[in-house]
file structure.cif (mmCIF, C-alpha atoms)
data_upload
loop_
_atom_site.group_PDB
_atom_site.id
_atom_site.type_symbol
_atom_site.label_atom_id
_atom_site.label_comp_id
_atom_site.auth_asym_id
_atom_site.auth_seq_id
_atom_site.Cartn_x
_atom_site.Cartn_y
_atom_site.Cartn_z
ATOM 1 C CA MET A 916 157.218 101.723 31.069
ATOM 2 C CA LYS A 917 155.461 98.432 30.319
ATOM 3 C CA VAL A 918 155.201 96.109 33.310
ATOM 4 C CA GLN A 919 155.543 92.404 32.631
ATOM 5 C CA MET A 920 152.405 90.490 33.599
ATOM 6 C CA ARG A 921 151.856 86.757 33.923
ATOM 7 C CA SER A 922 150.644 84.940 30.829
ATOM 8 C CA ARG A 923 147.143 83.506 30.543
ATOM 9 C CA GLY A 924 148.566 79.978 30.786
ATOM 10 C CA ASP A 925 150.533 80.883 33.902
ATOM 11 C CA ARG A 926 147.414 82.368 35.522
ATOM 12 C CA ILE A 927 145.412 79.256 34.676
ATOM 13 C CA ARG A 928 148.140 77.024 36.195
ATOM 14 C CA GLN A 929 148.161 79.257 39.293
ATOM 15 C CA THR A 930 144.381 79.054 39.634
ATOM 16 C CA ILE A 931 144.095 75.289 39.086
ATOM 17 C CA GLY A 932 146.917 74.577 41.530
ATOM 18 C CA PHE A 933 145.340 76.834 44.124
ATOM 19 C CA GLU A 934 141.945 75.131 43.843
ATOM 20 C CA VAL A 935 143.184 71.524 43.775
ATOM 21 C CA ILE A 936 145.504 71.897 46.763
ATOM 22 C CA GLY A 937 142.904 73.960 48.631
ATOM 23 C CA PHE A 938 140.236 71.289 48.070
ATOM 24 C CA LEU A 939 142.513 68.501 49.301
ATOM 25 C CA LEU A 940 143.236 70.448 52.490
ATOM 26 C CA PHE A 941 139.790 71.977 53.037
ATOM 27 C CA VAL A 942 137.372 69.010 52.962
ATOM 28 C CA PRO A 943 139.027 66.916 55.697
ATOM 29 C CA LEU A 944 139.660 69.984 57.876
ATOM 30 C CA ALA A 945 136.065 71.233 57.509
ATOM 31 C CA HIS A 946 134.687 67.767 58.269
ATOM 32 C CA TRP A 947 136.798 67.621 61.403
ATOM 33 C CA ALA A 948 135.924 71.182 62.497
ATOM 34 C CA PHE A 949 132.190 71.293 61.724
ATOM 35 C CA GLY A 950 131.052 67.666 61.588
ATOM 36 C CA PHE A 951 129.139 67.839 58.300
ATOM 37 C CA SER A 952 129.472 64.837 56.003
ATOM 38 C CA VAL A 953 132.453 64.645 53.703
ATOM 39 C CA GLN A 954 130.000 64.259 50.779
ATOM 40 C CA ASP A 955 128.094 67.464 51.605
ATOM 41 C CA LEU A 956 131.318 69.351 52.181
ATOM 42 C CA GLY A 957 132.848 67.857 49.050
ATOM 43 C CA VAL A 958 129.975 68.992 46.815
ATOM 44 C CA LEU A 959 130.008 72.415 48.471
ATOM 45 C CA ALA A 960 133.784 72.617 48.080
ATOM 46 C CA VAL A 961 133.644 71.710 44.378
ATOM 47 C CA THR A 962 130.926 74.317 43.770
ATOM 48 C CA MET A 963 132.824 76.916 45.747
ATOM 49 C CA SER A 964 136.004 75.915 43.958
ATOM 50 C CA VAL A 965 134.472 76.672 40.564
ATOM 51 C CA ILE A 966 133.192 80.021 41.838
ATOM 52 C CA ALA A 967 136.538 80.732 43.512
ATOM 53 C CA ALA A 968 138.506 79.729 40.416
ATOM 54 C CA VAL A 969 136.673 82.264 38.283
ATOM 55 C CA TRP A 970 136.983 84.885 41.037
ATOM 56 C CA ASN A 971 140.679 84.019 41.502
ATOM 57 C CA TYR A 972 141.462 84.554 37.824
ATOM 58 C CA VAL A 973 139.503 87.803 37.573
ATOM 59 C CA TYR A 974 140.676 89.143 40.936
ATOM 60 C CA ASN A 975 144.375 88.392 40.337
ATOM 61 C CA LEU A 976 144.232 89.920 36.874
ATOM 62 C CA GLY A 977 142.512 93.053 38.227
ATOM 63 C CA PHE A 978 144.809 93.349 41.241
ATOM 64 C CA ASP A 979 147.925 93.013 39.079
ATOM 65 C CA TYR A 980 146.524 95.496 36.564
ATOM 66 C CA LEU A 981 145.921 98.080 39.303
ATOM 67 C CA LEU A 982 149.310 97.407 40.880
ATOM 68 C CA ALA A 983 151.012 97.803 37.492
ATOM 69 C CA ARG A 984 149.116 101.017 36.833
ATOM 70 C CA TRP A 985 149.677 102.605 40.255
ATOM 71 C CA LYS A 986 153.090 101.201 41.241
ATOM 72 C CA LYS A 987 154.552 100.335 37.812
ATOM 73 C CA ARG A 988 155.197 96.755 38.957
ATOM 74 C CA VAL A 989 153.292 93.561 39.752
ATOM 75 C CA LYS A 990 155.698 92.088 42.301
ATOM 76 C CA LYS A 991 153.914 92.419 45.648
ATOM 77 C CA ASN A 992 155.436 93.429 48.955
ATOM 78 C CA THR A 993 154.153 91.941 52.230
ATOM 79 C CA LEU A 994 151.516 94.630 52.834
ATOM 80 C CA GLU A 995 150.226 94.274 49.273
ATOM 81 C CA ARG A 996 150.034 90.499 49.733
ATOM 82 C CA ILE A 997 147.965 90.998 52.890
ATOM 83 C CA VAL A 998 145.625 93.439 51.103
ATOM 84 C CA HIS A 999 145.451 91.016 48.168
ATOM 85 C CA ALA A 1000 144.480 88.071 50.406
ATOM 86 C CA PHE A 1001 141.857 90.040 52.376
ATOM 87 C CA GLY A 1002 140.316 91.450 49.208
ATOM 88 C CA PHE A 1003 140.102 88.033 47.605
ATOM 89 C CA GLU A 1004 138.518 86.402 50.650
ATOM 90 C CA GLY A 1005 136.165 89.327 51.303
ATOM 91 C CA GLY A 1006 134.773 89.130 47.785
ATOM 92 C CA LEU A 1007 134.380 85.374 48.004
ATOM 93 C CA LEU A 1008 132.674 85.598 51.416
ATOM 94 C CA PHE A 1009 130.083 87.958 49.953
ATOM 95 C CA VAL A 1010 129.153 85.402 47.286
ATOM 96 C CA SER A 1011 129.464 82.228 49.342
ATOM 97 C CA LEU A 1012 127.378 83.070 52.409
ATOM 98 C CA PRO A 1013 123.933 82.379 50.903
ATOM 99 C CA LEU A 1014 125.225 79.266 49.129
ATOM 100 C CA VAL A 1015 126.684 77.759 52.313
ATOM 101 C CA ALA A 1016 123.474 78.468 54.275
ATOM 102 C CA TRP A 1017 121.285 76.923 51.601
ATOM 103 C CA TRP A 1018 123.428 73.843 50.867
ATOM 104 C CA LEU A 1019 124.009 72.889 54.507
ATOM 105 C CA ASN A 1020 120.458 73.864 55.506
ATOM 106 C CA ILE A 1021 121.607 76.218 58.247
ATOM 107 C CA GLY A 1022 120.828 79.799 59.170
ATOM 108 C CA LEU A 1023 122.712 82.779 57.816
ATOM 109 C CA TRP A 1024 124.388 83.434 61.163
ATOM 110 C CA GLU A 1025 125.686 79.857 61.408
ATOM 111 C CA ALA A 1026 126.759 80.042 57.760
ATOM 112 C CA PHE A 1027 128.520 83.324 58.497
ATOM 113 C CA ILE A 1028 130.452 81.765 61.404
ATOM 114 C CA MET A 1029 131.390 78.782 59.230
ATOM 115 C CA ASP A 1030 132.286 81.080 56.352
ATOM 116 C CA LEU A 1031 134.577 83.036 58.685
ATOM 117 C CA GLY A 1032 136.315 79.755 59.465
ATOM 118 C CA PHE A 1033 136.562 78.955 55.752
ATOM 119 C CA ALA A 1034 137.756 82.488 54.992
ATOM 120 C CA THR A 1035 140.375 82.338 57.748
ATOM 121 C CA PHE A 1036 141.699 79.064 56.386
ATOM 122 C CA TYR A 1037 141.745 80.367 52.812
ATOM 123 C CA LEU A 1038 143.165 83.741 53.855
ATOM 124 C CA VAL A 1039 146.239 82.076 55.289
ATOM 125 C CA TYR A 1040 146.313 79.532 52.476
ATOM 126 C CA ALA A 1041 146.045 82.224 49.756
ATOM 127 C CA PHE A 1042 148.884 84.214 51.301
ATOM 128 C CA VAL A 1043 151.167 81.182 51.542
ATOM 129 C CA TYR A 1044 150.167 79.640 48.205
ATOM 130 C CA ASN A 1045 150.676 82.830 46.192
ATOM 131 C CA TRP A 1046 153.977 83.578 47.915
ATOM 132 C CA VAL A 1047 155.242 80.048 47.192
ATOM 133 C CA TYR A 1048 153.873 80.221 43.630
ATOM 134 C CA ASP A 1049 155.822 83.426 43.002
ATOM 135 C CA LYS A 1050 158.969 81.709 44.314
ATOM 136 C CA VAL A 1051 158.492 78.537 42.255
ATOM 137 C CA PHE A 1052 157.287 80.317 39.079
ATOM 138 C CA PRO A 1053 158.887 83.787 39.147
ATOM 139 C CA LEU A 1054 158.568 86.147 36.235
ATOM 140 C CA PRO A 1055 161.844 86.550 34.301
ATOM 141 C CA GLY A 1056 164.141 88.938 36.163
ATOM 142 C CA TRP A 1057 162.604 88.320 39.590
ATOM 143 C CA LYS A 1058 164.915 87.234 42.364
ATOM 144 C CA THR A 1059 163.639 83.976 43.871
ATOM 145 C CA ALA A 1060 165.176 84.394 47.334
#
call {"tool": "encode", "arguments": {"input": "structure.cif", "output": "structure tokens"}}
result
Amino acid sequence: MKVQMRSRGDRIRQTIGFEVIGFLLFVPLAHWAFGFSVQDLGVLAVTMSVIAAVWNYVYNLGFDYLLARWKKRVKKNTLERIVHAFGFEGGLLFVSLPLVAWWLNIGLWEAFIMDLGFATFYLVYAFVYNWVYDKVFPLPGWKTA
């Protein structure tokens, strides 16, 4: 049985929407929480956004491929959404830690603590964004309730 996957255009729309909305929420919140300049956080956020956008596309494609292969579907239940969000953020944390430390001129431990804050924000955001995205742009045949 062939499982219907999202189109390339749909995945690109999903990724761009995720990054733009995330950026608009992240920079002011990070400035408020950590006190670094909006400019430094903005440049870091744009850089991380590019990295995250590529990771988002690749990760979502891979996750859906594995889900389709193992479960014969790509529609995620709540547990799968939680695993999806943790896997995405864990992979991004691995890449972002040295970048955050270097750009903000802080130690790895301080960068790790900040990155945990970033990851927590994006973990919740990724869960909510992808759930809402699936409701707003369901695949044909999906119930939207």
call {"tool": "closest_residue", "arguments": {"input": "structure.cif", "among": "A:Gly937, A:Gly924, A:Gly950, A:Gly932", "to": "Met1029 (chain A)", "atoms": "all atoms listed in the file"}}
result
A:Gly950
call {"tool": "closest_atom_pairs", "arguments": {"input": "structure.cif", "of": "region 1012-1040 of chain A", "to": "region 984-999 of chain A", "cutoff": "12 Å", "atoms": "all atoms listed in the file", "output": "Markdown table"}}
result
| residue | atom | partner | partner_atom | distance |
| --- | --- | --- | --- | --- |
| A:Leu1038 | CA | A:Ile997 | CA | 8.8 |
| A:Val1039 | CA | A:Ile997 | CA | 9.4 |
| A:Tyr1040 | CA | A:Ile997 | CA | 11.6 |
call {"tool": "atom_distance", "arguments": {"input": "structure.cif", "atom1": "CA of Ala1016 (chain A)", "atom2": "CA of Gly957 (chain A)"}}
result
15.1 Å
call {"tool": "closest_residue", "arguments": {"input": "structure.cif", "among": "A:Ser952, A:Gln919, A:Asn1020, A:Ser964", "to": "Tyr1037 (chain A)", "atoms": "all atoms listed in the file"}}
result
A:Ser964
call {"tool": "closest_residue", "arguments": {"input": "structure.cif", "among": "A:Leu1019, A:Leu940, A:Leu1007, A:Val918", "to": "Gln954 (chain A)", "atoms": "all atoms listed in the file"}}
result
A:Leu1019
call {"tool": "atom_distance", "arguments": {"input": "structure.cif", "atom1": "CA of Thr1035 (chain A)", "atom2": "CA of Phe1003 (chain A)"}}
result
11.6 Å
call {"tool": "closest_residue", "arguments": {"input": "structure.cif", "among": "A:Phe941, A:Phe1042, A:Trp1017, A:Phe1052", "to": "Ala1000 (chain A)", "atoms": "all atoms listed in the file"}}
result
A:Phe1042
call {"tool": "atom_distance", "arguments": {"input": "structure.cif", "atom1": "CA of Asn971 (chain A)", "atom2": "CA of Ile927 (chain A)"}}
result
9.6 Å
call {"tool": "axis_aligned_box", "arguments": {"input": "structure.cif", "around": "region 968-974 of chain A", "padding_each_side": "5 Å", "output": "JSON"}}
result
{"center_x": 139.1, "center_y": 84.4, "center_z": 39.5, "size_x": 14.8, "size_y": 19.4, "size_z": 13.9}
call {"tool": "resolve_selection", "arguments": {"input": "structure.cif", "expression": "the PyMOL selection byres ((chain A and resi 1031) around 12)", "output": "number ranges by chain"}}
result
A: 945, 1001, 1004-1005, 1007-1009, 1011-1012, 1015, 1023-1030, 1032-1038
call {"tool": "closest_residue", "arguments": {"input": "structure.cif", "among": "A:Val935, A:Leu981, A:Val973, A:Leu959", "to": "Leu1014 (chain A)", "atoms": "only C-alpha atoms"}}
result
A:Leu959
call {"tool": "closest_residue", "arguments": {"input": "structure.cif", "among": "A:Val958, A:Met963, A:Met920, A:Ala948", "to": "Pro1013 (chain A)", "atoms": "all atoms listed in the file"}}
result
A:Met963
call {"tool": "decode", "arguments": {"input": "structure.cif", "residues": "region 946-961 of chain A", "atoms": "all heavy atoms", "output": "mmCIF file, in the first residue's frame"}}
result
data_model
loop_
_atom_site.group_PDB
_atom_site.id
_atom_site.type_symbol
_atom_site.label_atom_id
_atom_site.label_comp_id
_atom_site.auth_asym_id
_atom_site.auth_seq_id
_atom_site.Cartn_x
_atom_site.Cartn_y
_atom_site.Cartn_z
ATOM 1 N N HIS A 946 15.721 37.973 23.916
ATOM 2 C CA HIS A 946 16.253 39.245 24.414
ATOM 3 C C HIS A 946 15.762 39.490 25.839
ATOM 4 O O HIS A 946 16.539 39.854 26.722
ATOM 5 C CB HIS A 946 15.829 40.387 23.489
ATOM 6 C CG HIS A 946 16.135 41.747 24.025
ATOM 7 N ND1 HIS A 946 17.422 42.212 24.195
ATOM 8 C CD2 HIS A 946 15.315 42.744 24.449
ATOM 9 C CE1 HIS A 946 17.379 43.433 24.692
ATOM 10 N NE2 HIS A 946 16.110 43.773 24.869
ATOM 11 N N TRP A 947 14.490 39.274 26.051
ATOM 12 C CA TRP A 947 13.910 39.461 27.375
ATOM 13 C C TRP A 947 14.505 38.476 28.388
ATOM 14 O O TRP A 947 14.845 38.847 29.507
ATOM 15 C CB TRP A 947 12.393 39.297 27.280
ATOM 16 C CG TRP A 947 11.707 39.287 28.616
ATOM 17 C CD1 TRP A 947 11.420 40.367 29.400
ATOM 18 C CD2 TRP A 947 11.265 38.136 29.322
ATOM 19 N NE1 TRP A 947 10.814 39.954 30.554
ATOM 20 C CE2 TRP A 947 10.704 38.580 30.536
ATOM 21 C CE3 TRP A 947 11.279 36.773 29.055
ATOM 22 C CZ2 TRP A 947 10.172 37.712 31.471
ATOM 23 C CZ3 TRP A 947 10.741 35.916 29.987
ATOM 24 C CH2 TRP A 947 10.193 36.382 31.178
ATOM 25 N N ALA A 948 14.664 37.213 27.997
ATOM 26 C CA ALA A 948 15.113 36.175 28.926
ATOM 27 C C ALA A 948 16.601 36.225 29.226
ATOM 28 O O ALA A 948 17.020 35.956 30.355
ATOM 29 C CB ALA A 948 14.748 34.795 28.369
ATOM 30 N N PHE A 949 17.432 36.569 28.227
ATOM 31 C CA PHE A 949 18.882 36.453 28.403
ATOM 32 C C PHE A 949 19.626 37.779 28.346
ATOM 33 O O PHE A 949 20.808 37.831 28.689
ATOM 34 C CB PHE A 949 19.466 35.488 27.369
ATOM 35 C CG PHE A 949 18.896 34.104 27.489
ATOM 36 C CD1 PHE A 949 18.042 33.602 26.525
ATOM 37 C CD2 PHE A 949 19.197 33.303 28.582
ATOM 38 C CE1 PHE A 949 17.510 32.328 26.633
ATOM 39 C CE2 PHE A 949 18.670 32.029 28.705
ATOM 40 C CZ PHE A 949 17.819 31.539 27.732
ATOM 41 N N GLY A 950 18.989 38.836 27.878
ATOM 42 C CA GLY A 950 19.591 40.159 27.917
ATOM 43 C C GLY A 950 20.600 40.468 26.824
ATOM 44 O O GLY A 950 21.170 41.554 26.835
ATOM 45 N N PHE A 951 20.848 39.566 25.902
ATOM 46 C CA PHE A 951 21.753 39.875 24.795
ATOM 47 C C PHE A 951 21.048 40.828 23.841
ATOM 48 O O PHE A 951 19.822 40.905 23.807
ATOM 49 C CB PHE A 951 22.170 38.602 24.047
ATOM 50 C CG PHE A 951 23.118 37.742 24.824
ATOM 51 C CD1 PHE A 951 22.656 36.651 25.529
ATOM 52 C CD2 PHE A 951 24.474 38.032 24.865
ATOM 53 C CE1 PHE A 951 23.513 35.853 26.268
ATOM 54 C CE2 PHE A 951 25.347 37.250 25.593
ATOM 55 C CZ PHE A 951 24.878 36.157 26.299
ATOM 56 N N SER A 952 21.833 41.557 23.062
ATOM 57 C CA SER A 952 21.241 42.547 22.149
ATOM 58 C C SER A 952 20.348 41.862 21.121
ATOM 59 O O SER A 952 20.591 40.719 20.726
ATOM 60 C CB SER A 952 22.336 43.354 21.448
ATOM 61 O OG SER A 952 22.945 42.582 20.427
ATOM 62 N N VAL A 953 19.349 42.614 20.694
ATOM 63 C CA VAL A 953 18.440 42.114 19.664
ATOM 64 C C VAL A 953 19.228 41.846 18.381
ATOM 65 O O VAL A 953 18.955 40.874 17.674
ATOM 66 C CB VAL A 953 17.285 43.124 19.425
ATOM 67 C CG1 VAL A 953 16.459 42.753 18.213
ATOM 68 C CG2 VAL A 953 16.415 43.230 20.669
ATOM 69 N N GLN A 954 20.234 42.682 18.080
ATOM 70 C CA GLN A 954 21.044 42.489 16.871
ATOM 71 C C GLN A 954 21.811 41.179 16.930
ATOM 72 O O GLN A 954 21.813 40.414 15.959
ATOM 73 C CB GLN A 954 22.024 43.661 16.669
ATOM 74 C CG GLN A 954 21.367 44.985 16.356
ATOM 75 C CD GLN A 954 20.838 45.703 17.607
ATOM 76 O OE1 GLN A 954 21.065 45.294 18.754
ATOM 77 N NE2 GLN A 954 20.081 46.768 17.397
ATOM 78 N N ASP A 955 22.495 40.914 18.048
ATOM 79 C CA ASP A 955 23.247 39.656 18.179
ATOM 80 C C ASP A 955 22.308 38.454 18.103
ATOM 81 O O ASP A 955 22.602 37.473 17.425
ATOM 82 C CB ASP A 955 24.027 39.611 19.498
ATOM 83 C CG ASP A 955 25.301 40.443 19.456
ATOM 84 O OD1 ASP A 955 25.736 40.822 18.342
ATOM 85 O OD2 ASP A 955 25.861 40.703 20.537
ATOM 86 N N LEU A 956 21.202 38.550 18.800
ATOM 87 C CA LEU A 956 20.234 37.452 18.770
ATOM 88 C C LEU A 956 19.589 37.316 17.399
ATOM 89 O O LEU A 956 19.316 36.203 16.938
ATOM 90 C CB LEU A 956 19.167 37.652 19.846
ATOM 91 C CG LEU A 956 19.656 37.491 21.281
ATOM 92 C CD1 LEU A 956 18.613 37.988 22.261
ATOM 93 C CD2 LEU A 956 20.027 36.047 21.567
ATOM 94 N N GLY A 957 19.370 38.441 16.733
ATOM 95 C CA GLY A 957 18.778 38.397 15.399
ATOM 96 C C GLY A 957 19.685 37.704 14.392
ATOM 97 O O GLY A 957 19.227 36.852 13.621
ATOM 98 N N VAL A 958 20.974 38.050 14.403
ATOM 99 C CA VAL A 958 21.926 37.398 13.492
ATOM 100 C C VAL A 958 22.028 35.911 13.830
ATOM 101 O O VAL A 958 22.009 35.055 12.931
ATOM 102 C CB VAL A 958 23.318 38.074 13.557
ATOM 103 C CG1 VAL A 958 24.362 37.268 12.788
ATOM 104 C CG2 VAL A 958 23.244 39.492 13.014
ATOM 105 N N LEU A 959 22.119 35.597 15.109
ATOM 106 C CA LEU A 959 22.172 34.196 15.528
ATOM 107 C C LEU A 959 20.898 33.471 15.107
ATOM 108 O O LEU A 959 20.954 32.345 14.586
ATOM 109 C CB LEU A 959 22.354 34.107 17.049
ATOM 110 C CG LEU A 959 22.456 32.703 17.631
ATOM 111 C CD1 LEU A 959 23.667 31.963 17.080
ATOM 112 C CD2 LEU A 959 22.519 32.770 19.157
ATOM 113 N N ALA A 960 19.763 34.110 15.287
ATOM 114 C CA ALA A 960 18.487 33.481 14.932
ATOM 115 C C ALA A 960 18.380 33.242 13.430
ATOM 116 O O ALA A 960 17.887 32.187 13.005
ATOM 117 C CB ALA A 960 17.316 34.341 15.418
ATOM 118 N N VAL A 961 18.839 34.192 12.617
ATOM 119 C CA VAL A 961 18.797 33.995 11.165
ATOM 120 C C VAL A 961 19.700 32.836 10.767
ATOM 121 O O VAL A 961 19.314 31.966 9.975
ATOM 122 C CB VAL A 961 19.182 35.292 10.414
ATOM 123 C CG1 VAL A 961 19.438 35.024 8.944
ATOM 124 C CG2 VAL A 961 18.097 36.345 10.582
#
